[in-house]
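S.K.: This is the structure I want to talk about, given as C-alpha cells.
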Amino acid sequence: MNRRTLLIGASALGLVAFGGGAFFLNRQRQAEAEALAAATPAVDPSLLIRPHSPSFGPADAPVTLVEFFDPSCEACRAYHPVVQEIRRQFPDQVRVVLRYTVFHEGSDEAVRILETARMQDKFEPVLDALLEQQPGWAVHGSPQLDLAWEIAGAAGLDLEKAESDKLFPGITGILNQDMADVEAAGIRQTPTFFLNGRRLENFSAESLIADVRFAVENA
C-alpha cells in the first residue's frame, strides 16, 4: 500500500508529549538540512496549497508546513500529535496546511466526513476523533465507515445535516483537485511534509520539530 510503515519509540513520543523542551539542530543536522534543501527541487507552490485547503495558524506566518495526509493512514495518525506539538510551540510563527491524499479504500468517504464537519465548524474535533479511533474504523480492505460516521457524530457532527451535505459538489471538487495535485507533485506515501515548499525526507518525530524550529529561527 502507498503508506509509510512507521515506528516511533516511546522515548520519542515522550519528548513530544512533554515538549516544553526545545529540539535544536546540531551542526551536522543543520549541514544536512541545508545540503538537502539545495539538492531538492522546489515543487510548484500552487500544487501545495489551494484556497480550499484546511489550515491552522496565521495565513501570513513566516513558516508553512504542508502535510499530505490520508485519514486512514497509521503513520498520519502517529504524526498527528507531533503536528499538534508544532502548533503548540509555534502558534504565531507556523501555518499548518492539510492536503487530502486518499490512497486507502474508504478514505474518500472519510474526507467527506471531515469536509461536512468543516461546514459545521467542527473540523478539528472530528479530525482528532477519527484519528484517535482510526484502528476501529480504518480496517484496510474492509473499512467500517458507518463507525467513522458514528465517531464523528459523537465528536459533535450533526449527522442529519452531514448526510445531505456529503455529496455537495464542492467536496467532490476538493477531492478531485487534491488528488490531481498529489499526482502532479509526485506524492507516493503518507504523510509527506513540505516545509516552506521543500519536501522533507527521512524525517522522524524529533527531526520534524527540529526542522520547523530551524526554519522559524531563520525566517
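Starting from 1 in every chain, residues are counted up; chains themselves are A, B, ... following the order of the C-alpha cells, and ligands are numbered from 1 as listed.
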If you take only C-alpha atoms and a cut-off of 10 Å, which residues of stretch 87-205 of chain A touch stretch 60-70 of chain A, and what are their nearest atom pairs and distances in Å to one decimal, in chain and number order, as a Markdown table?
M.R.:
```
| residue | atom | partner | partner_atom | distance |
| --- | --- | --- | --- | --- |
| A:Phe90 | CA | A:Val63 | CA | 9.5 |
| A:Pro91 | CA | A:Ala61 | CA | 9.1 |
| A:Asp92 | CA | A:Ala61 | CA | 6.4 |
| A:Gln93 | CA | A:Ala61 | CA | 5.0 |
| A:Val94 | CA | A:Val63 | CA | 4.8 |
| A:Arg95 | CA | A:Thr64 | CA | 4.7 |
| A:Val96 | CA | A:Leu65 | CA | 4.9 |
| A:Val97 | CA | A:Val66 | CA | 4.6 |
| A:Leu98 | CA | A:Glu67 | CA | 5.1 |
| A:Arg99 | CA | A:Phe68 | CA | 4.7 |
| A:Tyr100 | CA | A:Phe69 | CA | 5.6 |
| A:Thr101 | CA | A:Asp70 | CA | 4.9 |
| A:Val102 | CA | A:Asp70 | CA | 5.4 |
| A:Phe103 | CA | A:Asp70 | CA | 6.7 |
| A:His104 | CA | A:Asp70 | CA | 7.5 |
| A:Ser107 | CA | A:Asp70 | CA | 6.7 |
| A:Asp108 | CA | A:Asp70 | CA | 9.1 |
| A:Ala110 | CA | A:Asp70 | CA | 8.9 |
| A:Val111 | CA | A:Asp70 | CA | 8.6 |
| A:Asp178 | CA | A:Phe68 | CA | 9.2 |
| A:Val182 | CA | A:Phe68 | CA | 7.9 |
| A:Ile187 | CA | A:Phe68 | CA | 7.9 |
| A:Arg188 | CA | A:Phe68 | CA | 9.9 |
| A:Gln189 | CA | A:Phe68 | CA | 8.6 |
| A:Thr190 | CA | A:Phe69 | CA | 5.4 |
| A:Pro191 | CA | A:Phe69 | CA | 5.0 |
| A:Thr192 | CA | A:Phe68 | CA | 5.2 |
| A:Phe193 | CA | A:Glu67 | CA | 4.6 |
| A:Phe194 | CA | A:Val66 | CA | 5.0 |
| A:Leu195 | CA | A:Leu65 | CA | 4.7 |
| A:Asn196 | CA | A:Thr64 | CA | 5.2 |
| A:Gly197 | CA | A:Thr64 | CA | 7.9 |
| A:Arg198 | CA | A:Leu65 | CA | 9.4 |
| A:Arg199 | CA | A:Val66 | CA | 9.2 |
```
S.K.: Can you check which residues of stretch 34-127 of chain A DSSP gives as strand (DSSP E or B) on the backbone and send them as a ChimeraX atom specification?
M.R.: /A:55-56,63-69,94-100
S.K.: Grab the residues selected above and save them as a PDB file, in the first residue's frame with C-alpha atoms.
M.R.:
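Written file, part00.pdb:
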```pdb
ATOM      1  CA  SER A  55      -5.119  25.266   7.618  1.00  0.00           C
ATOM      2  CA  PHE A  56      -4.188  26.208  11.166  1.00  0.00           C
ATOM      3  CA  VAL A  63       6.883  29.252   8.115  1.00  0.00           C
ATOM      4  CA  THR A  64       4.423  26.959   6.345  1.00  0.00           C
ATOM      5  CA  LEU A  65       4.263  23.221   6.912  1.00  0.00           C
ATOM      6  CA  VAL A  66       2.137  21.323   4.394  1.00  0.00           C
ATOM      7  CA  GLU A  67       1.115  17.760   5.197  1.00  0.00           C
ATOM      8  CA  PHE A  68      -0.243  15.412   2.549  1.00  0.00           C
ATOM      9  CA  PHE A  69      -2.219  13.026   4.715  1.00  0.00           C
ATOM     10  CA  VAL A  94       3.898  28.395  11.728  1.00  0.00           C
ATOM     11  CA  ARG A  95       0.949  27.765   9.461  1.00  0.00           C
ATOM     12  CA  VAL A  96      -0.010  24.095   9.050  1.00  0.00           C
ATOM     13  CA  VAL A  97      -1.861  23.170   5.844  1.00  0.00           C
ATOM     14  CA  LEU A  98      -3.514  19.800   5.224  1.00  0.00           C
ATOM     15  CA  ARG A  99      -3.939  18.177   1.807  1.00  0.00           C
ATOM     16  CA  TYR A 100      -6.083  15.103   1.290  1.00  0.00           C
TER      17      TYR A 100
END
```
S.K.: Need to verify the contact set: A:Gln120, 9 Å, only C-alpha atoms, exclusion of same-chain residues closer than 2 positions in sequence. Can you return it as a ChimeraX atom specification?
M.R.: /A:115-118,122-123,157-158,161-162
S.K.: Step one, run DSSP on the backbone; step two, keep only residues of stretch 24-201 of chain A assigned to helix (DSSP H, G or I); then write them as a PyMOL selection string.
M.R.: chain A and resi 27-39+45-48+74-89+107-119+123-132+134-137+145-154+159-165+169-185
